[in-house]
Amino acid sequence: MYRVKLRDFDGPLDLLLFLIQREELDIFDIPIARITDEYLTHVRRMEAVDLDGVADFLLLAAYLISIKVRMLLPKPAPEASDQETEDPRLALVERLLEYRRYKEAAERLATIQELRAALYTRGSASAPARAEPQEVLINASVYHLIRALRRVLTEAPEAPALVIRARDCTVEQQQQFVIKALTVGRDLEFSRLIRGRNRIFVITTFLAILELIQRGLVVLVSTAFDDDFVLALGASGG
Amino acid sequence: MDKSTQGRLEAAVEALIFASDVPVAASRIVAVIGEVMAEPAPDADAITQAVESLNARYDAQGHVLRIRHWAGGYRMTTTAEMAPLLEVFLRRERRRKLTLPLMETLAILCYRQPASRPDVSHVRGVDADYALRKLLDIGLVDVVGRSEAVGRPLLYGTTQRFLEEFGLPDLDALPNLRGIEELLSDPSFSQEKARLFMLQGLSGATEAEQP
């Protein structure tokens, strides 16, 4: 079972941090319009492929846009309110820094775990490592997947080696089949009627027999066997 | 404590820690020794000393065993130098590292526990449902209670197994979460801007955030 992770980024904040670092932008003076555009470009590409996975990213997109809007609005006069003079980007930077702290902490934890893993305890041999569902990590971007999808969609399907057509039988057809078989063979076991046939055939035949019995065209001669019965043409069937 | 008493205590401590498959708390060692041995029961400090003395002896004599203080107890392990040998011997794949989302979620939980799913989700900006369930499965985190917040969400925290898995005696032994101030002094940030920024708004938050 594979869980396919379609995004390169570990979340919206991760993406945003990446964009800021890639562009060598100053985290304390983020050009919000530009970064919002870049962020949205990325999100749209993801959206085209994985609508579910993109939900987390859209929330931050909305937030970025709201900051952008607030920065475009004329600033209130200084005397109007002291509270409102705060840079609308402040909360965002705080979140980014906070996320970065934990990102770093995660890296250190990974190191600690690795050091610890080199120390073996008794019981390591007797207790098999718990079968933890393994995540298969494939180093592939969204584009790899799109390319793979395109190939699959454009390549002409190979001609199948063998075509098996479903021969569906109807209950009506099977009624005729049963009558015919009984006319020729007189008493017949159900098992012989259906020998070597597929499931659909068996089921429709069985339904056909029920129908015929109800109409008195066929009678059950014997139910001596637990798992079979013998059929004969009914009186009205002639 | 005379020499032979000390020797017997060390031997007892060594035997108990050797025989255990889980970290043994000092209090447990004290209790067992008190029950079995005729001498007055040692205190926890005496156990710590015995462990130190044993480790010193192992080291001096070139043994590959060491007693570690993990998850509130003592656990006997081989030294790190023996890892390549044991890895092959046990034919175990190198322990699979946690994936990045799991490690980040775990890190957040370490420092913020007890924390609810929304708390954790907020920091990463990603719903933590999958990661938390996975960590619960592996046994590194557990439900530790319910928050008083609206909806009384479940609170999660790390487990003893986490401490053992990461070789930590207790949560206080976690490396300090880098303070925002320290993060700001990172050369990758413009220092001038950082200082201005601190003056503007973050100073209050920094004090509250410092572990």
# chains A, B, ... in the order shown; residues from 1 in each chain; ligands from 1
call {"tool": "select_by_dssp", "arguments": {"residues": "chain B", "states": "strand (DSSP E)", "output": "list in words"}}
result
Leu65, Arg66, Ile67, Arg68, His69, Trp70, Gly73, Tyr74, Arg75, Met76, Thr77, Thr78, Ala115, Ser116, Val141, Asp142, Val143, Val144, Gly145, Arg146, Leu154, Leu155, Tyr156, Gly157 and Thr158 of chain B
call {"tool": "residues_around", "arguments": {"residues": "B:Ala11", "least_positions_apart": "5", "cutoff": "9 Å", "atoms": "only C-alpha atoms", "output": "short mmCIF file (atom, residue, chain, number, x, y, z; two decimals) with all heavy atoms, in the first residue's frame"}}
result
data_model
loop_
_atom_site.label_atom_id
_atom_site.label_comp_id
_atom_site.auth_asym_id
_atom_site.auth_seq_id
_atom_site.Cartn_x
_atom_site.Cartn_y
_atom_site.Cartn_z
N GLN B 6 29.77 -2.10 49.33
CA GLN B 6 29.71 -1.39 48.05
C GLN B 6 29.78 -2.39 46.89
O GLN B 6 29.02 -2.29 45.93
CB GLN B 6 30.88 -0.39 47.97
CG GLN B 6 30.95 0.40 46.67
CD GLN B 6 29.75 1.33 46.47
OE1 GLN B 6 29.08 1.69 47.46
NE2 GLN B 6 29.46 1.68 45.24
N LEU B 16 20.43 -6.69 38.22
CA LEU B 16 19.05 -6.28 37.96
C LEU B 16 18.95 -5.54 36.62
O LEU B 16 18.03 -5.78 35.84
CB LEU B 16 18.53 -5.40 39.10
CG LEU B 16 18.34 -6.12 40.44
CD1 LEU B 16 17.85 -5.13 41.50
CD2 LEU B 16 17.37 -7.28 40.31
N ALA B 50 26.52 3.61 42.34
CA ALA B 50 26.88 2.26 41.91
C ALA B 50 26.94 2.19 40.39
O ALA B 50 27.86 1.61 39.81
CB ALA B 50 25.87 1.26 42.45
N LEU B 54 30.12 1.34 38.15
CA LEU B 54 30.10 0.24 37.18
C LEU B 54 30.55 0.73 35.81
O LEU B 54 31.38 0.10 35.16
CB LEU B 54 28.68 -0.35 37.09
CG LEU B 54 28.24 -1.28 38.22
CD1 LEU B 54 26.74 -1.50 38.17
CD2 LEU B 54 28.98 -2.62 38.14
#
call {"tool": "interface_residues", "arguments": {"of": "chain B", "to": "chain A", "cutoff": "6 Å", "atoms": "only C-alpha atoms", "output": "list in words"}}
result
Thr77, Thr78, Thr79, Ala80, Ala83, Met103, Glu104, Ala107, Ile108, Val123, Val126, Phe166 and Gly167 of chain B
call {"tool": "residues_around", "arguments": {"residues": "B:Val150", "least_positions_apart": "4", "cutoff": "12 Å", "atoms": "only C-alpha atoms", "output": "list in words"}}
result
Ser116, Pro118, Arg146 and Leu154 of chain B
call {"tool": "write_last_selection", "arguments": {"atoms": "N, CA, C and O atoms", "output": "tab-separated table (two decimals), in the first residue's frame"}}
result
chain	number	residue	atom	x	y	z
B	116	SER	N	-3.12	19.95	22.04
B	116	SER	CA	-4.23	19.37	21.29
B	116	SER	C	-3.89	19.36	19.81
B	116	SER	O	-2.92	19.98	19.38
B	118	PRO	N	-5.44	20.84	17.32
B	118	PRO	CA	-5.40	22.18	16.72
B	118	PRO	C	-4.11	22.94	17.06
B	118	PRO	O	-3.56	23.64	16.20
B	146	ARG	N	-7.80	15.80	28.45
B	146	ARG	CA	-8.65	16.63	27.60
B	146	ARG	C	-8.47	18.08	27.96
B	146	ARG	O	-8.32	18.42	29.13
B	154	LEU	N	-8.85	16.39	22.75
B	154	LEU	CA	-7.90	15.51	23.41
B	154	LEU	C	-6.53	16.18	23.46
B	154	LEU	O	-6.16	16.91	22.56
call {"tool": "atom_distance", "arguments": {"atom1": "atom CA of A:Val221", "atom2": "atom CA of A:Lys180"}}
result
17.1 Å
call {"tool": "residues_around", "arguments": {"residues": "A:Gly234", "least_positions_apart": "4", "cutoff": "8 Å", "atoms": "only C-alpha atoms", "output": "ChimeraX atom specification"}}
result
/A:213,216-219,238
call {"tool": "write_last_selection", "arguments": {"atoms": "N, CA, C and O atoms", "output": "PDB file, in the first residue's frame"}}
result
ATOM      1  N   ILE A 213     -40.925 -24.123 -11.955  1.00  0.00           N
ATOM      2  CA  ILE A 213     -41.623 -24.920 -10.944  1.00  0.00           C
ATOM      3  C   ILE A 213     -42.906 -24.217 -10.539  1.00  0.00           C
ATOM      4  O   ILE A 213     -43.975 -24.799 -10.411  1.00  0.00           O
ATOM      5  N   GLY A 216     -45.499 -24.671 -12.865  1.00  0.00           N
ATOM      6  CA  GLY A 216     -45.912 -26.070 -13.007  1.00  0.00           C
ATOM      7  C   GLY A 216     -45.362 -26.742 -14.244  1.00  0.00           C
ATOM      8  O   GLY A 216     -45.783 -27.835 -14.624  1.00  0.00           O
ATOM      9  N   LEU A 217     -44.406 -26.083 -14.927  1.00  0.00           N
ATOM     10  CA  LEU A 217     -43.852 -26.657 -16.148  1.00  0.00           C
ATOM     11  C   LEU A 217     -42.807 -27.707 -15.827  1.00  0.00           C
ATOM     12  O   LEU A 217     -42.511 -28.585 -16.624  1.00  0.00           O
ATOM     13  N   VAL A 218     -42.234 -27.554 -14.624  1.00  0.00           N
ATOM     14  CA  VAL A 218     -41.194 -28.488 -14.211  1.00  0.00           C
ATOM     15  C   VAL A 218     -41.514 -28.927 -12.799  1.00  0.00           C
ATOM     16  O   VAL A 218     -42.051 -28.147 -12.013  1.00  0.00           O
ATOM     17  N   VAL A 219     -41.224 -30.151 -12.470  1.00  0.00           N
ATOM     18  CA  VAL A 219     -41.422 -30.601 -11.087  1.00  0.00           C
ATOM     19  C   VAL A 219     -40.129 -31.156 -10.538  1.00  0.00           C
ATOM     20  O   VAL A 219     -39.246 -31.601 -11.274  1.00  0.00           O
ATOM     21  N   GLY A 238     -46.256 -31.111 -20.585  1.00  0.00           N
ATOM     22  CA  GLY A 238     -46.550 -32.110 -21.586  1.00  0.00           C
ATOM     23  C   GLY A 238     -45.309 -32.873 -21.953  1.00  0.00           C
ATOM     24  O   GLY A 238     -44.987 -33.050 -23.089  1.00  0.00           O
TER      25      GLY A 238
END
call {"tool": "residues_around", "arguments": {"residues": "A:Tyr39", "least_positions_apart": "5", "cutoff": "10 Å", "atoms": "only C-alpha atoms", "output": "JSON, numbers by chain"}}
result
{"A": [12, 15, 16, 19, 20, 33, 34, 44, 57, 58, 60, 61, 64]}
call {"tool": "write_last_selection", "arguments": {"atoms": "all heavy atoms", "output": "compact mmCIF listing (two decimals), in the first residue's frame"}}
result
# COMPACT_ATOMS: atom_id res chain seq x y z
N PRO A 12 2.23 24.56 4.15
CA PRO A 12 2.25 25.91 3.61
C PRO A 12 3.39 26.77 4.16
O PRO A 12 4.02 27.52 3.42
CB PRO A 12 0.89 26.48 4.01
CG PRO A 12 0.37 25.59 5.08
CD PRO A 12 0.98 24.25 4.83
N LEU A 15 6.60 25.84 2.52
CA LEU A 15 6.68 26.41 1.17
C LEU A 15 7.04 27.89 1.23
O LEU A 15 7.91 28.36 0.50
CB LEU A 15 5.35 26.21 0.44
CG LEU A 15 5.17 26.92 -0.89
CD1 LEU A 15 6.25 26.50 -1.87
CD2 LEU A 15 3.80 26.64 -1.49
N LEU A 16 6.40 28.58 2.11
CA LEU A 16 6.64 30.02 2.22
C LEU A 16 8.08 30.30 2.64
O LEU A 16 8.75 31.17 2.07
CB LEU A 16 5.66 30.62 3.24
CG LEU A 16 5.46 32.12 3.16
CD1 LEU A 16 5.01 32.55 1.79
CD2 LEU A 16 4.43 32.56 4.20
N LEU A 19 10.30 29.76 -0.30
CA LEU A 19 10.24 30.83 -1.29
C LEU A 19 11.04 32.04 -0.82
O LEU A 19 11.77 32.66 -1.58
CB LEU A 19 8.78 31.24 -1.55
CG LEU A 19 7.93 30.21 -2.30
CD1 LEU A 19 6.48 30.68 -2.38
CD2 LEU A 19 8.48 29.95 -3.69
N ILE A 20 10.89 32.35 0.46
CA ILE A 20 11.59 33.50 1.01
C ILE A 20 13.11 33.28 0.96
O ILE A 20 13.87 34.16 0.56
CB ILE A 20 11.14 33.77 2.45
CG1 ILE A 20 9.69 34.29 2.44
CG2 ILE A 20 12.05 34.76 3.14
CD1 ILE A 20 9.04 34.32 3.80
N ALA A 33 3.36 41.34 -1.86
CA ALA A 33 2.67 41.16 -3.13
C ALA A 33 3.39 40.10 -3.96
O ALA A 33 2.78 39.18 -4.50
CB ALA A 33 2.60 42.47 -3.88
N ARG A 34 4.71 40.24 -4.02
CA ARG A 34 5.50 39.33 -4.84
C ARG A 34 5.45 37.90 -4.29
O ARG A 34 5.25 36.94 -5.03
CB ARG A 34 6.93 39.86 -4.83
CG ARG A 34 7.90 38.98 -5.58
CD ARG A 34 9.22 39.72 -5.72
NE ARG A 34 10.32 38.79 -5.84
CZ ARG A 34 11.57 39.10 -5.54
NH1 ARG A 34 11.85 40.30 -5.02
NH2 ARG A 34 12.52 38.23 -5.70
N ARG A 44 -1.38 26.75 -7.26
CA ARG A 44 -2.22 26.41 -8.41
C ARG A 44 -1.72 25.17 -9.11
O ARG A 44 -2.49 24.34 -9.56
CB ARG A 44 -2.26 27.58 -9.40
CG ARG A 44 -3.19 28.65 -8.91
CD ARG A 44 -3.71 29.55 -10.01
NE ARG A 44 -4.36 30.69 -9.38
CZ ARG A 44 -3.77 31.86 -9.18
NH1 ARG A 44 -2.54 32.07 -9.61
NH2 ARG A 44 -4.41 32.82 -8.57
N PHE A 57 -2.90 24.54 2.08
CA PHE A 57 -2.15 25.63 1.46
C PHE A 57 -3.05 26.83 1.16
O PHE A 57 -2.60 27.96 1.13
CB PHE A 57 -1.49 25.14 0.18
CG PHE A 57 -0.33 24.21 0.44
CD1 PHE A 57 -0.54 22.87 0.72
CD2 PHE A 57 0.97 24.69 0.43
CE1 PHE A 57 0.53 22.03 0.98
CE2 PHE A 57 2.05 23.85 0.68
CZ PHE A 57 1.82 22.52 0.96
N LEU A 58 -4.32 26.54 0.93
CA LEU A 58 -5.23 27.62 0.55
C LEU A 58 -5.49 28.57 1.71
O LEU A 58 -5.66 29.77 1.53
CB LEU A 58 -6.56 27.03 0.04
CG LEU A 58 -6.45 26.33 -1.31
CD1 LEU A 58 -7.79 25.72 -1.69
CD2 LEU A 58 -5.97 27.29 -2.38
N LEU A 60 -3.44 29.52 4.03
CA LEU A 60 -2.36 30.50 4.12
C LEU A 60 -2.41 31.46 2.93
O LEU A 60 -2.10 32.64 3.06
CB LEU A 60 -1.00 29.80 4.19
CG LEU A 60 0.18 30.74 4.44
CD1 LEU A 60 0.11 31.37 5.81
CD2 LEU A 60 1.50 30.01 4.27
N ALA A 61 -2.85 30.95 1.78
CA ALA A 61 -2.99 31.80 0.61
C ALA A 61 -3.96 32.94 0.92
O ALA A 61 -3.69 34.11 0.63
CB ALA A 61 -3.47 30.99 -0.58
N LEU A 64 -2.32 35.40 3.20
CA LEU A 64 -1.36 36.25 2.49
C LEU A 64 -2.09 37.36 1.74
O LEU A 64 -1.68 38.52 1.75
CB LEU A 64 -0.54 35.42 1.50
CG LEU A 64 0.55 34.54 2.09
CD1 LEU A 64 1.16 33.66 1.01
CD2 LEU A 64 1.62 35.38 2.76
call {"tool": "decode", "arguments": {"residues": "stretch 162-174 of chain B", "atoms": "all heavy atoms", "output": "mmCIF file, in the first residue's frame"}}
result
data_model
loop_
_atom_site.group_PDB
_atom_site.id
_atom_site.type_symbol
_atom_site.label_atom_id
_atom_site.label_comp_id
_atom_site.auth_asym_id
_atom_site.auth_seq_id
_atom_site.Cartn_x
_atom_site.Cartn_y
_atom_site.Cartn_z
ATOM 1 N N PHE B 162 8.945 7.044 23.959
ATOM 2 C CA PHE B 162 9.636 8.136 23.257
ATOM 3 C C PHE B 162 10.985 8.411 23.908
ATOM 4 O O PHE B 162 12.011 8.510 23.240
ATOM 5 C CB PHE B 162 8.767 9.400 23.259
ATOM 6 C CG PHE B 162 9.545 10.660 22.998
ATOM 7 C CD1 PHE B 162 9.995 10.971 21.724
ATOM 8 C CD2 PHE B 162 9.862 11.529 24.030
ATOM 9 C CE1 PHE B 162 10.735 12.112 21.487
ATOM 10 C CE2 PHE B 162 10.606 12.675 23.804
ATOM 11 C CZ PHE B 162 11.041 12.969 22.526
ATOM 12 N N LEU B 163 10.965 8.534 25.256
ATOM 13 C CA LEU B 163 12.210 8.819 25.975
ATOM 14 C C LEU B 163 13.241 7.719 25.718
ATOM 15 O O LEU B 163 14.423 7.993 25.505
ATOM 16 C CB LEU B 163 11.934 8.931 27.481
ATOM 17 C CG LEU B 163 11.104 10.137 27.919
ATOM 18 C CD1 LEU B 163 10.772 10.051 29.397
ATOM 19 C CD2 LEU B 163 11.837 11.440 27.616
ATOM 20 N N GLU B 164 12.762 6.488 25.737
ATOM 21 C CA GLU B 164 13.689 5.386 25.529
ATOM 22 C C GLU B 164 14.221 5.380 24.098
ATOM 23 O O GLU B 164 15.404 5.179 23.861
ATOM 24 C CB GLU B 164 12.976 4.065 25.842
ATOM 25 C CG GLU B 164 13.944 3.016 26.344
ATOM 26 C CD GLU B 164 13.309 1.645 26.471
ATOM 27 O OE1 GLU B 164 12.139 1.581 26.862
ATOM 28 O OE2 GLU B 164 14.009 0.668 26.182
ATOM 29 N N GLU B 165 13.314 5.609 23.179
ATOM 30 C CA GLU B 165 13.682 5.601 21.764
ATOM 31 C C GLU B 165 14.707 6.687 21.433
ATOM 32 O O GLU B 165 15.521 6.527 20.533
ATOM 33 C CB GLU B 165 12.408 5.817 20.929
ATOM 34 C CG GLU B 165 12.556 5.607 19.454
ATOM 35 C CD GLU B 165 12.489 4.132 19.092
ATOM 36 O OE1 GLU B 165 12.132 3.284 19.945
ATOM 37 O OE2 GLU B 165 12.797 3.829 17.951
ATOM 38 N N PHE B 166 14.636 7.777 22.160
ATOM 39 C CA PHE B 166 15.546 8.891 21.891
ATOM 40 C C PHE B 166 16.655 8.977 22.949
ATOM 41 O O PHE B 166 17.444 9.921 22.950
ATOM 42 C CB PHE B 166 14.767 10.215 21.793
ATOM 43 C CG PHE B 166 13.994 10.323 20.515
ATOM 44 C CD1 PHE B 166 12.812 9.624 20.324
ATOM 45 C CD2 PHE B 166 14.471 11.105 19.472
ATOM 46 C CE1 PHE B 166 12.117 9.699 19.135
ATOM 47 C CE2 PHE B 166 13.770 11.190 18.272
ATOM 48 C CZ PHE B 166 12.602 10.482 18.108
ATOM 49 N N GLY B 167 16.703 7.990 23.828
ATOM 50 C CA GLY B 167 17.783 7.927 24.805
ATOM 51 C C GLY B 167 17.817 9.095 25.765
ATOM 52 O O GLY B 167 18.891 9.609 26.089
ATOM 53 N N LEU B 168 16.647 9.507 26.233
ATOM 54 C CA LEU B 168 16.592 10.638 27.157
ATOM 55 C C LEU B 168 16.148 10.162 28.541
ATOM 56 O O LEU B 168 15.230 9.365 28.642
ATOM 57 C CB LEU B 168 15.583 11.675 26.648
ATOM 58 C CG LEU B 168 15.851 12.280 25.277
ATOM 59 C CD1 LEU B 168 14.612 13.006 24.773
ATOM 60 C CD2 LEU B 168 17.033 13.226 25.341
ATOM 61 N N PRO B 169 16.806 10.647 29.609
ATOM 62 C CA PRO B 169 16.359 10.267 30.950
ATOM 63 C C PRO B 169 14.972 10.811 31.270
ATOM 64 O O PRO B 169 14.139 10.126 31.859
ATOM 65 C CB PRO B 169 17.416 10.862 31.874
ATOM 66 C CG PRO B 169 18.171 11.853 31.064
ATOM 67 C CD PRO B 169 18.038 11.452 29.627
ATOM 68 N N ASP B 170 14.710 12.048 30.869
ATOM 69 C CA ASP B 170 13.396 12.655 31.080
ATOM 70 C C ASP B 170 13.224 13.820 30.113
ATOM 71 O O ASP B 170 14.131 14.119 29.326
ATOM 72 C CB ASP B 170 13.228 13.118 32.526
ATOM 73 C CG ASP B 170 14.422 13.940 32.963
ATOM 74 O OD1 ASP B 170 14.857 14.816 32.197
ATOM 75 O OD2 ASP B 170 14.955 13.680 34.068
ATOM 76 N N LEU B 171 12.066 14.466 30.179
ATOM 77 C CA LEU B 171 11.788 15.541 29.216
ATOM 78 C C LEU B 171 12.696 16.747 29.415
ATOM 79 O O LEU B 171 12.969 17.494 28.480
ATOM 80 C CB LEU B 171 10.316 15.953 29.307
ATOM 81 C CG LEU B 171 9.334 14.941 28.719
ATOM 82 C CD1 LEU B 171 7.909 15.375 28.989
ATOM 83 C CD2 LEU B 171 9.562 14.764 27.223
ATOM 84 N N ASP B 172 13.173 16.939 30.654
ATOM 85 C CA ASP B 172 14.067 18.073 30.898
ATOM 86 C C ASP B 172 15.365 17.931 30.119
ATOM 87 O O ASP B 172 16.082 18.902 29.911
ATOM 88 C CB ASP B 172 14.387 18.185 32.400
ATOM 89 C CG ASP B 172 13.153 18.599 33.178
ATOM 90 O OD1 ASP B 172 12.241 19.181 32.551
ATOM 91 O OD2 ASP B 172 13.095 18.332 34.384
ATOM 92 N N ALA B 173 15.671 16.716 29.724
ATOM 93 C CA ALA B 173 16.927 16.480 29.011
ATOM 94 C C ALA B 173 16.834 16.822 27.528
ATOM 95 O O ALA B 173 17.828 16.754 26.815
ATOM 96 C CB ALA B 173 17.339 15.022 29.178
ATOM 97 N N LEU B 174 15.637 17.187 27.072
ATOM 98 C CA LEU B 174 15.496 17.599 25.671
ATOM 99 C C LEU B 174 16.393 18.800 25.413
ATOM 100 O O LEU B 174 16.520 19.671 26.264
ATOM 101 C CB LEU B 174 14.048 18.003 25.378
ATOM 102 C CG LEU B 174 13.047 16.915 25.091
ATOM 103 C CD1 LEU B 174 11.645 17.517 25.064
ATOM 104 C CD2 LEU B 174 13.350 16.274 23.750
#
